[in-house]
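The block underneath contains the structure these notes are about, expressed in structure tokens.
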Amino acid sequence: MGICQARNHRHTLEFSVEAQTSGVRTLAHQSYRMSSETAIARMYALGHELAQTPSHKFDLKHMRVLLTALEHPERQVPGVLIAGTNGKGSTAATLASILQASGLRTGLYTSPHLVRINERIRIDGAAIADDEFALLHDMVDRTAERLVAEGELPWHPSFFEMLTAMAFEYFARKKVDIAVLEVGMGGRLDATNVIEPRVSVITDISLDHQKFLGNTVAEIAREKAGILRRNGVAVLLPQQREVNDVIGNAVLELESRAVSAVPYVPPVSPGSESYLKGAVASYPLEVMGEEITVETPLLGRHQLRNIALAIAAAEELASQGFPVTAKSIENGIRQSRWPGRFQIIPATSETPEIIFDVAHNPAGAWALRSTLSAMYEDRQLTFVFGAMQDKAIREITEILFPIAARVVLTTADNPRSATPAGIREASKRIEVEMEDATDVPAALQRAKTIAGAEGVIVVTGSIYIVGEAMRSLAVRI
């Protein structure tokens, strides 16, 4: 398929989207709606890209070839790029909500997803529709197959490359005003790093994905710093000394302008959770010369840093001409949603209170433990826990399990998932009562019995475990 044919595909997609929004249902539209499951199946058939050696994920040259054939949709929309180990999704979701509240048509690209793949690509908070997903997949997939056949690509693009290209294409077609992009992993060689960001944001960095990013926080920080640009803007917060050194040197070398988010982190003394009011965190803050009230559903002291980064990035965009105000920052934070991150589901007559939290590395586990200890010190906690084999299971369980009354171990419907037996072996030094469940629904049912009406269920350890639990309980994403 040549450039003219690619343009024809683009026109076809635009017609189909217009038909959908005007309520017209065409035969082509129906066939694409029917093929959305096929499109998703073909995406998953690409396999887990990190399992391949060498990994097909890390080569921006191939991503640029694909985007060139698609007529560079990544250049048609201004973007913000957010990297980090923990908090980048929360920061991205908060910033996107602020920009939407500022009257901007805002794209948001995140990963991984909790329940459905469509969640990763959003405009103004709404996930991409099934038929549009299928249409975009068809166009990008055909382009990729042509490039492979003509020898311009050595192999078919990876799962993440495909999805990233689809997101760029979707945002360009929908003419969003700005896109907020969460880096998938690392930064320097991540497929999202092909854009020229208006602002680069780096959230907290800790050990994770060492097999691919390095064995020290300094090595991992070098990969994350790959999203910085010469003469660009970097929104930052102080971190570990080794991380500060690496990022600081990168900023100096690139002659970037560093913007500190420190003024937007409220003073919270250790052990104090006085800013927590029910199911929201609330505190006053001076932003852009005005005092606002920050009210966010994202709970935990670690989220104060993520929100600060989002505010600093929004203020920087305001200085670049985007219509961001103190009021829109206040409204955007209040309206933000980021499911699965200390998300509280109130108790019902049939189900005890449930907390969903994606604590998939030691830093995330400490953040979860801190928030649970502050908010539920007098409540019995029953954990539903599962993790991926390549995660630091021993460290995570040694952090979390000591505060649990009982733990139900389970496994996700994923070939990378650790077995209950494997988790039990990794956590054998911890004195806590554990039992096994064959799958997540069975684990939830058992946890309900254990917790009773007064207890609290905490579902954590992996985004896949949390996602399956949400799907089992029909929790809205």
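Ligands are numbered from 1 in the order shown, residues from 1 within each chain, and chains are lettered A, B, ... in the order they appear in the structure tokens.
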Enumerate, in order of chain and increasing residue number, the residues of region 320-395 of chain A with an atom no farther than 10 Å from region 412-423 of chain A, each with its shortest atom pair and distance in Å to one decimal, counting only C-alpha atoms, as a tab-separated table.
residue	atom	partner	partner_atom	distance
A:Phe385	CA	A:Pro420	CA	8.9
A:Gly386	CA	A:Ala412	CA	6.9
A:Ala387	CA	A:Ala418	CA	5.8
A:Met388	CA	A:Ser417	CA	4.2
A:Gln389	CA	A:Ala418	CA	4.6
A:Asp390	CA	A:Arg416	CA	7.6
A:Lys391	CA	A:Ala418	CA	9.2
A:Ile393	CA	A:Ile423	CA	6.8
A:Arg394	CA	A:Ile423	CA	7.8
Those selected residues, please, written with N, CA and C atoms and delivered as a compact mmCIF listing (two decimals), in the first residue's frame.
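Generated file (again07.txt):
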# COMPACT_ATOMS: atom_id res chain seq x y z
N PHE A 385 -4.02 -11.39 46.61
CA PHE A 385 -2.72 -11.02 46.04
C PHE A 385 -2.30 -11.98 44.93
N GLY A 386 -1.79 -11.39 43.85
CA GLY A 386 -1.16 -12.14 42.78
C GLY A 386 -0.16 -11.24 42.10
N ALA A 387 0.84 -11.83 41.45
CA ALA A 387 1.90 -11.02 40.84
C ALA A 387 2.45 -11.72 39.61
N MET A 388 3.16 -10.97 38.80
CA MET A 388 3.84 -11.53 37.65
C MET A 388 5.18 -12.15 38.09
N GLN A 389 5.59 -13.18 37.42
CA GLN A 389 6.81 -13.91 37.80
C GLN A 389 8.05 -13.03 37.81
N ASP A 390 8.08 -12.01 36.91
CA ASP A 390 9.29 -11.20 36.77
C ASP A 390 9.36 -10.04 37.75
N LYS A 391 8.41 -9.97 38.68
CA LYS A 391 8.41 -8.90 39.66
C LYS A 391 9.15 -9.32 40.94
N ILE A 393 8.74 -10.30 43.91
CA ILE A 393 7.67 -10.83 44.75
C ILE A 393 8.08 -10.90 46.22
N ARG A 394 9.29 -11.36 46.49
CA ARG A 394 9.72 -11.47 47.89
C ARG A 394 9.69 -10.12 48.58
Could you go through region 260-459 of chain A and tell me which residues DSSP, when run on the backbone, assigns to helix (DSSP H, G or I), listing them as a ChimeraX atom specification?
/A:262-264,301-319,326-335,362-375,393-403,420-426,440-451
Note to self: I need the residue nearest Asn306 (chain A) from this list: A:Tyr44, A:Tyr264, A:Tyr283, A:Phe322. Use only C-alpha atoms for the distance.
What the structure shows: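 That would be A:Tyr264, the residue with the smallest distance to Asn306 (chain A).
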Which neighbours of Phe159 (chain A) fall inside 7 Å, counting only C-alpha atoms, when residues of the same chain fewer than 3 positions from it are skipped, and could you give them as an MDAnalysis selection string? chainID A and resid 43 46 49 162:163
**Request:** Rank nothing, just name the residue among A:Ser282, A:Thr38, A:Thr438, A:Thr216 nearest to Ile333 (chain A), using only C-alpha atoms.
**Result:**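 Looking at the shortest contact to Ile333 (chain A), the residue is A:Ser282.
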Legend entry - Gap from CA of Pro197 (chain A) to CA of Pro78 (chain A) - Å, one decimal: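 So the two atoms, CA of Pro197 (chain A) and CA of Pro78 (chain A), lie 6.8 Å apart.
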Can you tell me which residues surround Arg471 (chain A) at a distance of at most 10 Å, considering only C-alpha atoms, apart from same-chain residues fewer than 3 positions away, and format the answer as a list in words?
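Within the cut-off, the hits are Leu114, Val115, Arg116, Val440, Pro441, Ile465, Val466, Gly467, Glu468, Ala474, Val475, Arg476 and Ile477 of chain A.
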Suppose we keep C-alpha atoms; can you now write the selection as a short mmCIF file (atom, residue, chain, number, x, y, z; two decimals), in the first residue's frame?
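Below is the file again01.cif, written as the result:
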data_model
loop_
_atom_site.label_atom_id
_atom_site.label_comp_id
_atom_site.auth_asym_id
_atom_site.auth_seq_id
_atom_site.Cartn_x
_atom_site.Cartn_y
_atom_site.Cartn_z
CA LEU A 114 -7.19 -2.74 33.66
CA VAL A 115 -10.12 -4.37 31.87
CA ARG A 116 -10.22 -3.47 28.15
CA VAL A 440 -9.41 -14.19 40.93
CA PRO A 441 -13.21 -14.67 41.22
CA ILE A 465 -5.16 -9.16 39.28
CA VAL A 466 -6.83 -5.82 39.93
CA GLY A 467 -8.31 -5.75 36.43
CA GLU A 468 -9.76 -9.25 36.69
CA ALA A 474 -18.47 -5.25 37.27
CA VAL A 475 -16.70 -2.13 38.57
CA ARG A 476 -16.95 0.80 36.20
CA ILE A 477 -13.64 1.92 34.70
#
- So what do you get for CA of Gly455 (chain A) versus CA of Ile345 (chain A), distance-wise?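 These atoms are spaced 12.8 Å apart.
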Using only C-alpha atoms, the best pick from A:Gln303, A:Ser336, A:Thr382, A:Ser462 as closest to Glu435 (chain A) would be A:Thr382
For this session: Find the spatial neighbours of region 190-196 of chain A, counting only C-alpha atoms, within a cut-off of 9 Å - ignore same-chain residues fewer than 3 positions away - and output them as a PyMOL selection string.
Result: chain A and resi 57-60+63-64+74-75+78-81+160-161+164-165+181-187+199+226-227+229+232
### Query
Nearest to Ala172 (chain A) among A:Ala451, A:Leu66, A:Leu228, A:Leu136, with distances taken over only C-alpha atoms: which residue is it?
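Nearest to Ala172 (chain A): A:Leu136.
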Restricting to only C-alpha atoms, whichever of A:Arg424, A:Arg230, A:Arg429, A:His302 is closest to Leu368 (chain A) is A:His302
Can you pull out every residue within 10 Å of Glu330 (chain A), counting only C-alpha atoms, but drop anything in the same chain fewer than 3 positions away, and send it as a compact mmCIF listing (two decimals) with N, CA and C atoms, in the first residue's frame?
# COMPACT_ATOMS: atom_id res chain seq x y z
N ILE A 98 -6.94 18.21 33.93
CA ILE A 98 -6.76 19.66 34.02
C ILE A 98 -6.89 20.31 32.65
N ALA A 101 -10.44 20.31 31.55
CA ALA A 101 -11.18 21.34 32.28
C ALA A 101 -10.84 22.74 31.80
N LEU A 285 -3.81 25.51 48.29
CA LEU A 285 -2.55 25.63 47.55
C LEU A 285 -2.58 26.91 46.73
N VAL A 287 -1.62 28.67 43.42
CA VAL A 287 -1.28 28.31 42.04
C VAL A 287 -1.52 29.52 41.14
N GLU A 291 -5.17 31.36 45.35
CA GLU A 291 -5.32 30.21 46.23
C GLU A 291 -6.47 29.34 45.75
N ILE A 292 -6.18 28.06 45.59
CA ILE A 292 -7.21 27.11 45.19
C ILE A 292 -7.32 26.03 46.27
N THR A 293 -8.36 25.24 46.20
CA THR A 293 -8.50 24.07 47.06
C THR A 293 -8.30 22.83 46.21
N VAL A 294 -7.24 22.11 46.50
CA VAL A 294 -7.00 20.85 45.80
C VAL A 294 -7.86 19.76 46.44
N GLU A 295 -8.72 19.17 45.66
CA GLU A 295 -9.52 18.03 46.11
C GLU A 295 -9.35 16.92 45.09
N THR A 296 -8.74 15.84 45.51
CA THR A 296 -8.45 14.76 44.57
C THR A 296 -8.89 13.42 45.13
N ILE A 311 0.37 19.81 38.21
CA ILE A 311 0.12 21.24 38.32
C ILE A 311 1.25 22.04 37.67
N THR A 325 -5.88 27.94 33.58
CA THR A 325 -6.02 28.91 34.65
C THR A 325 -5.97 28.21 36.00
N ALA A 326 -5.84 28.99 37.06
CA ALA A 326 -5.87 28.40 38.40
C ALA A 326 -7.19 27.66 38.63
N LYS A 327 -8.28 28.25 38.15
CA LYS A 327 -9.60 27.62 38.34
C LYS A 327 -9.70 26.31 37.58
N ILE A 333 -8.33 18.81 38.70
CA ILE A 333 -7.90 17.86 39.74
C ILE A 333 -9.11 17.22 40.41
N ARG A 334 -10.13 18.02 40.69
CA ARG A 334 -11.32 17.49 41.34
C ARG A 334 -12.02 16.45 40.46
N GLN A 335 -11.98 16.64 39.15
CA GLN A 335 -12.70 15.76 38.23
C GLN A 335 -11.87 14.57 37.75
Next item on the list: Would you kindly return, as a PyMOL selection string, each protein, DNA or RNA residue with an atom no farther than 10 Å from any atom of Arg122 (chain A), considering only C-alpha atoms and excluding same-chain residues fewer than 2 positions away?
Entry: chain A and resi 96+106-110+118-120+124-129+167+170-171+179-180
